[in-house]
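Have a look at query26.cif below; it lists mmCIF, C-alpha atoms.
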```cif
data_target
loop_
_atom_site.group_PDB
_atom_site.id
_atom_site.type_symbol
_atom_site.label_atom_id
_atom_site.label_comp_id
_atom_site.auth_asym_id
_atom_site.auth_seq_id
_atom_site.Cartn_x
_atom_site.Cartn_y
_atom_site.Cartn_z
ATOM 1 C CA MET C 21 0.000 0.000 0.000
ATOM 2 C CA PRO C 22 1.406 3.429 -0.854
ATOM 3 C CA ALA C 23 2.169 5.731 2.043
ATOM 4 C CA LEU C 24 -0.690 8.001 3.022
ATOM 5 C CA THR C 25 -0.042 11.687 3.278
ATOM 6 C CA PRO C 26 -2.230 14.645 4.155
ATOM 7 C CA ASP C 27 -2.162 15.510 0.441
ATOM 8 C CA THR C 28 -3.626 12.146 -0.612
ATOM 9 C CA ILE C 29 -6.409 12.546 1.908
ATOM 10 C CA ARG C 30 -6.946 16.148 0.787
ATOM 11 C CA THR C 31 -7.450 14.828 -2.757
ATOM 12 C CA LEU C 32 -10.285 12.699 -1.444
ATOM 13 C CA THR C 33 -11.996 15.676 0.169
ATOM 14 C CA GLU C 34 -11.493 17.749 -2.996
ATOM 15 C CA THR C 35 -13.208 15.021 -5.009
ATOM 16 C CA LEU C 36 -16.150 15.167 -2.604
ATOM 17 C CA SER C 37 -16.229 18.941 -3.027
ATOM 18 C CA ASP C 38 -16.359 18.435 -6.802
ATOM 19 C CA LEU C 39 -19.304 16.077 -6.329
ATOM 20 C CA ILE C 40 -21.116 18.676 -4.221
ATOM 21 C CA ASP C 41 -20.521 21.355 -6.844
ATOM 22 C CA TYR C 42 -21.775 19.019 -9.559
ATOM 23 C CA LEU C 43 -24.930 18.179 -7.614
ATOM 24 C CA ARG C 44 -25.637 21.885 -7.136
ATOM 25 C CA GLU C 45 -25.794 22.280 -10.931
ATOM 26 C CA ASN C 46 -29.075 20.303 -11.111
ATOM 27 C CA PRO C 47 -27.799 17.192 -12.922
ATOM 28 C CA ASP C 48 -29.977 14.424 -14.278
ATOM 29 C CA PRO C 49 -31.465 12.633 -11.245
ATOM 30 C CA VAL C 50 -30.477 9.169 -12.449
ATOM 31 C CA GLU C 51 -26.867 10.262 -12.912
ATOM 32 C CA ALA C 52 -26.861 12.106 -9.582
ATOM 33 C CA LEU C 53 -28.092 9.005 -7.744
ATOM 34 C CA ALA C 54 -25.467 6.871 -9.504
ATOM 35 C CA LEU C 55 -22.694 9.259 -8.432
ATOM 36 C CA VAL C 56 -23.895 9.412 -4.827
ATOM 37 C CA GLU C 57 -24.397 5.664 -4.475
ATOM 38 C CA PRO C 58 -20.720 4.655 -3.900
ATOM 39 C CA PRO C 59 -20.088 7.176 -1.100
ATOM 40 C CA LEU C 60 -23.314 6.093 0.633
ATOM 41 C CA ASP C 61 -22.922 2.337 0.177
ATOM 42 C CA GLU C 62 -24.069 0.553 3.326
ATOM 43 C CA TYR C 63 -20.856 -1.482 3.625
ATOM 44 C CA THR C 64 -18.079 0.605 2.099
ATOM 45 C CA GLY C 65 -19.528 4.107 2.006
ATOM 46 C CA LEU C 66 -18.291 7.204 3.760
ATOM 47 C CA PRO C 67 -20.419 6.889 6.918
ATOM 48 C CA VAL C 68 -19.044 3.410 7.630
ATOM 49 C CA GLN C 69 -15.486 4.317 6.671
ATOM 50 C CA LEU C 70 -15.540 7.507 8.727
ATOM 51 C CA ALA C 71 -16.803 5.524 11.710
ATOM 52 C CA ASP C 72 -14.011 2.981 11.231
ATOM 53 C CA THR C 73 -11.499 5.835 10.909
ATOM 54 C CA LEU C 74 -12.650 7.389 14.188
ATOM 55 C CA ARG C 75 -12.477 4.032 15.986
ATOM 56 C CA ALA C 76 -9.011 3.351 14.584
ATOM 57 C CA LEU C 77 -7.828 6.815 15.654
ATOM 58 C CA ALA C 78 -9.209 6.247 19.152
ATOM 59 C CA ARG C 79 -7.437 2.888 19.338
ATOM 60 C CA ALA C 80 -4.157 4.338 18.014
ATOM 61 C CA LEU C 81 -4.230 7.123 20.584
ATOM 62 C CA GLN C 82 -5.225 4.860 23.443
ATOM 63 C CA ASP C 83 -2.580 2.241 22.646
ATOM 64 C CA HIS C 84 0.299 4.638 21.927
ATOM 65 C CA PRO C 85 2.898 4.599 24.714
ATOM 66 C CA ASP C 86 3.677 8.320 24.407
ATOM 67 C CA ILE C 87 0.093 9.440 25.045
ATOM 68 C CA PRO C 88 -0.339 10.369 28.716
ATOM 69 C CA ARG C 89 -3.041 8.474 30.597
ATOM 70 C CA ILE C 90 -5.165 11.285 31.986
ATOM 71 C CA ALA C 91 -8.906 11.629 32.503
ATOM 72 C CA GLN C 92 -9.263 14.323 29.829
ATOM 73 C CA GLY C 93 -7.560 12.078 27.251
ATOM 74 C CA ASP C 94 -9.776 9.141 28.171
ATOM 75 C CA LEU C 95 -12.843 11.358 27.823
ATOM 76 C CA LEU C 96 -11.767 12.551 24.372
ATOM 77 C CA ILE C 97 -11.144 8.969 23.246
ATOM 78 C CA THR C 98 -14.598 8.018 24.502
ATOM 79 C CA GLU C 99 -16.070 10.936 22.541
ATOM 80 C CA LEU C 100 -14.294 9.707 19.396
ATOM 81 C CA ARG C 101 -15.869 6.297 19.866
ATOM 82 C CA THR C 102 -19.289 7.852 20.439
ATOM 83 C CA ALA C 103 -18.896 9.891 17.259
ATOM 84 C CA ALA C 104 -17.943 6.673 15.454
ATOM 85 C CA TRP C 105 -21.217 5.027 16.506
ATOM 86 C CA GLU C 106 -23.169 8.067 15.384
ATOM 87 C CA GLN C 107 -21.461 7.978 11.991
ATOM 88 C CA ALA C 108 -22.044 4.248 11.615
ATOM 89 C CA ASP C 109 -25.764 4.864 12.134
ATOM 90 C CA GLN C 110 -25.700 7.010 8.998
ATOM 91 C CA HIS C 111 -25.245 3.883 6.876
ATOM 92 C CA THR C 112 -29.043 3.952 6.582
ATOM 93 C CA LEU C 113 -28.597 6.704 4.002
ATOM 94 C CA HIS C 114 -27.984 3.833 1.591
ATOM 95 C CA TYR C 115 -31.607 2.766 2.031
ATOM 96 C CA ILE C 116 -32.802 6.291 1.324
ATOM 97 C CA LEU C 117 -31.114 6.001 -2.076
ATOM 98 C CA ASP C 118 -33.107 2.830 -2.723
ATOM 99 C CA ASP C 119 -36.309 4.685 -1.845
ATOM 100 C CA LEU C 120 -35.321 7.628 -4.057
ATOM 101 C CA ARG C 121 -34.704 5.275 -6.981
ATOM 102 C CA ASP C 122 -38.103 3.696 -6.404
ATOM 103 C CA LEU C 123 -39.761 7.110 -6.197
ATOM 104 C CA TYR C 124 -37.979 8.445 -9.250
ATOM 105 C CA GLY C 125 -38.904 5.338 -11.201
ATOM 106 C CA SER C 126 -42.576 5.663 -10.234
ATOM 107 C CA ASN C 127 -42.604 9.356 -11.167
ATOM 108 C CA VAL C 128 -41.233 8.566 -14.613
ATOM 109 C CA ALA C 129 -44.035 6.063 -15.175
ATOM 110 C CA SER C 130 -46.692 8.587 -14.127
ATOM 111 C CA GLU C 131 -45.580 11.553 -16.196
ATOM 112 C CA PRO C 132 -48.411 13.758 -17.470
ATOM 113 C CA GLY C 133 -50.103 12.623 -20.626
ATOM 114 C CA CYS C 134 -53.449 11.455 -21.865
ATOM 115 C CA CYS C 135 -54.688 8.070 -20.780
ATOM 116 C CA TRP C 136 -53.769 6.605 -24.178
ATOM 117 C CA CYS C 137 -50.158 7.739 -23.847
ATOM 118 C CA ARG C 138 -49.530 6.248 -20.424
#
```
Entire entry expressed as structure tokens:
Amino acid sequence: MPALTPDTIRTLTETLSDLIDYLRENPDPVEALALVEPPLDEYTGLPVQLADTLRALARALQDHPDIPRIAQGDLLITELRTAAWEQADQHTLHYILDDLRDLYGSNVASEPGCCWCR
């Protein structure tokens, strides 16, 4: 695995910023949903990965021998773990995408038109 740097992680956040900008330009809904699906995947999407990142950071800090064992540090590590659980709960956004696809599909089928055209 190549070494991670702040710049490689910054590239990730810049890509997300590009996605946000694109979505603000009123793209085709089908394309927009397709672009948003990978970051909201229930297993590998951003909510799950951010939760795993927070848990891994908490573990790295807690296990590092140079980190002083003080109550304030323990509290902050606990808060990281709490934030991780809250992020993991956001995996349900994946199901919202399913519902949006269902809704969009039903709206396409019921577009205005005379009864003979539907």
Residues near Ala71 of chain C, anyone? I mean within 7 Å using all atoms listed in the file, not counting same-chain ones fewer than 3 positions away, as a PyMOL selection string.
chain C and resi 67-68+74-75+104-105+107-108
With all atoms listed in the file counted and 12 Å as the cut-off, give the residues of segment 38-82 of chain C in contact with segment 118-125 of chain C, each with its shortest interatomic distance in Å and the pair that gives it, as JSON lines.
```
{"residue": "C:Asp48", "atom": "CA", "partner": "C:Tyr124", "partner_atom": "CA", "distance": 11.2}
{"residue": "C:Pro49", "atom": "CA", "partner": "C:Tyr124", "partner_atom": "CA", "distance": 8.0}
{"residue": "C:Val50", "atom": "CA", "partner": "C:Arg121", "partner_atom": "CA", "distance": 7.9}
{"residue": "C:Glu51", "atom": "CA", "partner": "C:Arg121", "partner_atom": "CA", "distance": 11.0}
{"residue": "C:Ala52", "atom": "CA", "partner": "C:Arg121", "partner_atom": "CA", "distance": 10.7}
{"residue": "C:Leu53", "atom": "CA", "partner": "C:Arg121", "partner_atom": "CA", "distance": 7.6}
{"residue": "C:Ala54", "atom": "CA", "partner": "C:Arg121", "partner_atom": "CA", "distance": 9.7}
{"residue": "C:Val56", "atom": "CA", "partner": "C:Asp118", "partner_atom": "CA", "distance": 11.5}
{"residue": "C:Glu57", "atom": "CA", "partner": "C:Asp118", "partner_atom": "CA", "distance": 9.3}
{"residue": "C:Leu60", "atom": "CA", "partner": "C:Asp118", "partner_atom": "CA", "distance": 10.9}
{"residue": "C:Asp61", "atom": "CA", "partner": "C:Asp118", "partner_atom": "CA", "distance": 10.6}
{"residue": "C:Glu62", "atom": "CA", "partner": "C:Asp118", "partner_atom": "CA", "distance": 11.1}
```
Could you tell me how far atom CA of Leu55 of chain C sits from atom CA of Asp38 of chain C, in Å to one decimal place?
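One can read the atom CA of Asp38 of chain C to atom CA of Leu55 of chain C distance as 11.3 Å.
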Option closest in space to His111 of chain C, from C:Ala78, C:Ala91, C:Ala23, C:Leu66 [counting only C-alpha atoms]
C:Leu66
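You will find atom CA of Glu106 of chain C at 28.3 Å from atom CA of Asp86 of chain C.
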Regenerate segment 85-99 of chain C at the level of N, CA, C and O atoms and dump it as a PDB file, in the frame of the given file.
```
ATOM      1  N   PRO C  85       2.218   4.449  23.418  1.00  0.00           N
ATOM      2  CA  PRO C  85       2.898   4.599  24.714  1.00  0.00           C
ATOM      3  C   PRO C  85       3.246   6.039  25.085  1.00  0.00           C
ATOM      4  O   PRO C  85       3.426   6.339  26.265  1.00  0.00           O
ATOM      5  N   ASP C  86       3.310   6.932  24.106  1.00  0.00           N
ATOM      6  CA  ASP C  86       3.677   8.320  24.407  1.00  0.00           C
ATOM      7  C   ASP C  86       2.488   9.204  24.787  1.00  0.00           C
ATOM      8  O   ASP C  86       2.665  10.366  25.138  1.00  0.00           O
ATOM      9  N   ILE C  87       1.287   8.672  24.689  1.00  0.00           N
ATOM     10  CA  ILE C  87       0.093   9.440  25.045  1.00  0.00           C
ATOM     11  C   ILE C  87      -0.118   9.318  26.554  1.00  0.00           C
ATOM     12  O   ILE C  87      -0.233   8.211  27.085  1.00  0.00           O
ATOM     13  N   PRO C  88      -0.154  10.441  27.252  1.00  0.00           N
ATOM     14  CA  PRO C  88      -0.339  10.369  28.716  1.00  0.00           C
ATOM     15  C   PRO C  88      -1.724   9.825  29.067  1.00  0.00           C
ATOM     16  O   PRO C  88      -2.706  10.102  28.392  1.00  0.00           O
ATOM     17  N   ARG C  89      -1.789   9.044  30.109  1.00  0.00           N
ATOM     18  CA  ARG C  89      -3.041   8.474  30.597  1.00  0.00           C
ATOM     19  C   ARG C  89      -3.652   9.429  31.613  1.00  0.00           C
ATOM     20  O   ARG C  89      -3.356   9.371  32.803  1.00  0.00           O
ATOM     21  N   ILE C  90      -4.490  10.331  31.107  1.00  0.00           N
ATOM     22  CA  ILE C  90      -5.165  11.285  31.986  1.00  0.00           C
ATOM     23  C   ILE C  90      -6.660  11.225  31.694  1.00  0.00           C
ATOM     24  O   ILE C  90      -7.078  10.779  30.630  1.00  0.00           O
ATOM     25  N   ALA C  91      -7.442  11.694  32.637  1.00  0.00           N
ATOM     26  CA  ALA C  91      -8.906  11.629  32.503  1.00  0.00           C
ATOM     27  C   ALA C  91      -9.392  12.384  31.272  1.00  0.00           C
ATOM     28  O   ALA C  91     -10.289  11.907  30.563  1.00  0.00           O
ATOM     29  N   GLN C  92      -8.826  13.541  30.988  1.00  0.00           N
ATOM     30  CA  GLN C  92      -9.263  14.323  29.829  1.00  0.00           C
ATOM     31  C   GLN C  92      -9.008  13.550  28.532  1.00  0.00           C
ATOM     32  O   GLN C  92      -9.843  13.533  27.639  1.00  0.00           O
ATOM     33  N   GLY C  93      -7.862  12.881  28.429  1.00  0.00           N
ATOM     34  CA  GLY C  93      -7.560  12.078  27.251  1.00  0.00           C
ATOM     35  C   GLY C  93      -8.522  10.919  27.098  1.00  0.00           C
ATOM     36  O   GLY C  93      -8.999  10.632  25.998  1.00  0.00           O
ATOM     37  N   ASP C  94      -8.819  10.254  28.211  1.00  0.00           N
ATOM     38  CA  ASP C  94      -9.776   9.141  28.171  1.00  0.00           C
ATOM     39  C   ASP C  94     -11.152   9.620  27.731  1.00  0.00           C
ATOM     40  O   ASP C  94     -11.844   8.944  26.965  1.00  0.00           O
ATOM     41  N   LEU C  95     -11.545  10.792  28.205  1.00  0.00           N
ATOM     42  CA  LEU C  95     -12.843  11.358  27.823  1.00  0.00           C
ATOM     43  C   LEU C  95     -12.884  11.660  26.321  1.00  0.00           C
ATOM     44  O   LEU C  95     -13.871  11.356  25.647  1.00  0.00           O
ATOM     45  N   LEU C  96     -11.805  12.233  25.801  1.00  0.00           N
ATOM     46  CA  LEU C  96     -11.767  12.551  24.372  1.00  0.00           C
ATOM     47  C   LEU C  96     -11.793  11.281  23.522  1.00  0.00           C
ATOM     48  O   LEU C  96     -12.461  11.239  22.480  1.00  0.00           O
ATOM     49  N   ILE C  97     -11.120  10.244  23.971  1.00  0.00           N
ATOM     50  CA  ILE C  97     -11.144   8.969  23.246  1.00  0.00           C
ATOM     51  C   ILE C  97     -12.549   8.380  23.278  1.00  0.00           C
ATOM     52  O   ILE C  97     -13.052   7.865  22.273  1.00  0.00           O
ATOM     53  N   THR C  98     -13.212   8.483  24.405  1.00  0.00           N
ATOM     54  CA  THR C  98     -14.598   8.018  24.502  1.00  0.00           C
ATOM     55  C   THR C  98     -15.499   8.809  23.557  1.00  0.00           C
ATOM     56  O   THR C  98     -16.379   8.240  22.896  1.00  0.00           O
ATOM     57  N   GLU C  99     -15.275  10.110  23.461  1.00  0.00           N
ATOM     58  CA  GLU C  99     -16.070  10.936  22.541  1.00  0.00           C
ATOM     59  C   GLU C  99     -15.820  10.554  21.088  1.00  0.00           C
ATOM     60  O   GLU C  99     -16.747  10.578  20.271  1.00  0.00           O
TER      61      GLU C  99
END
```
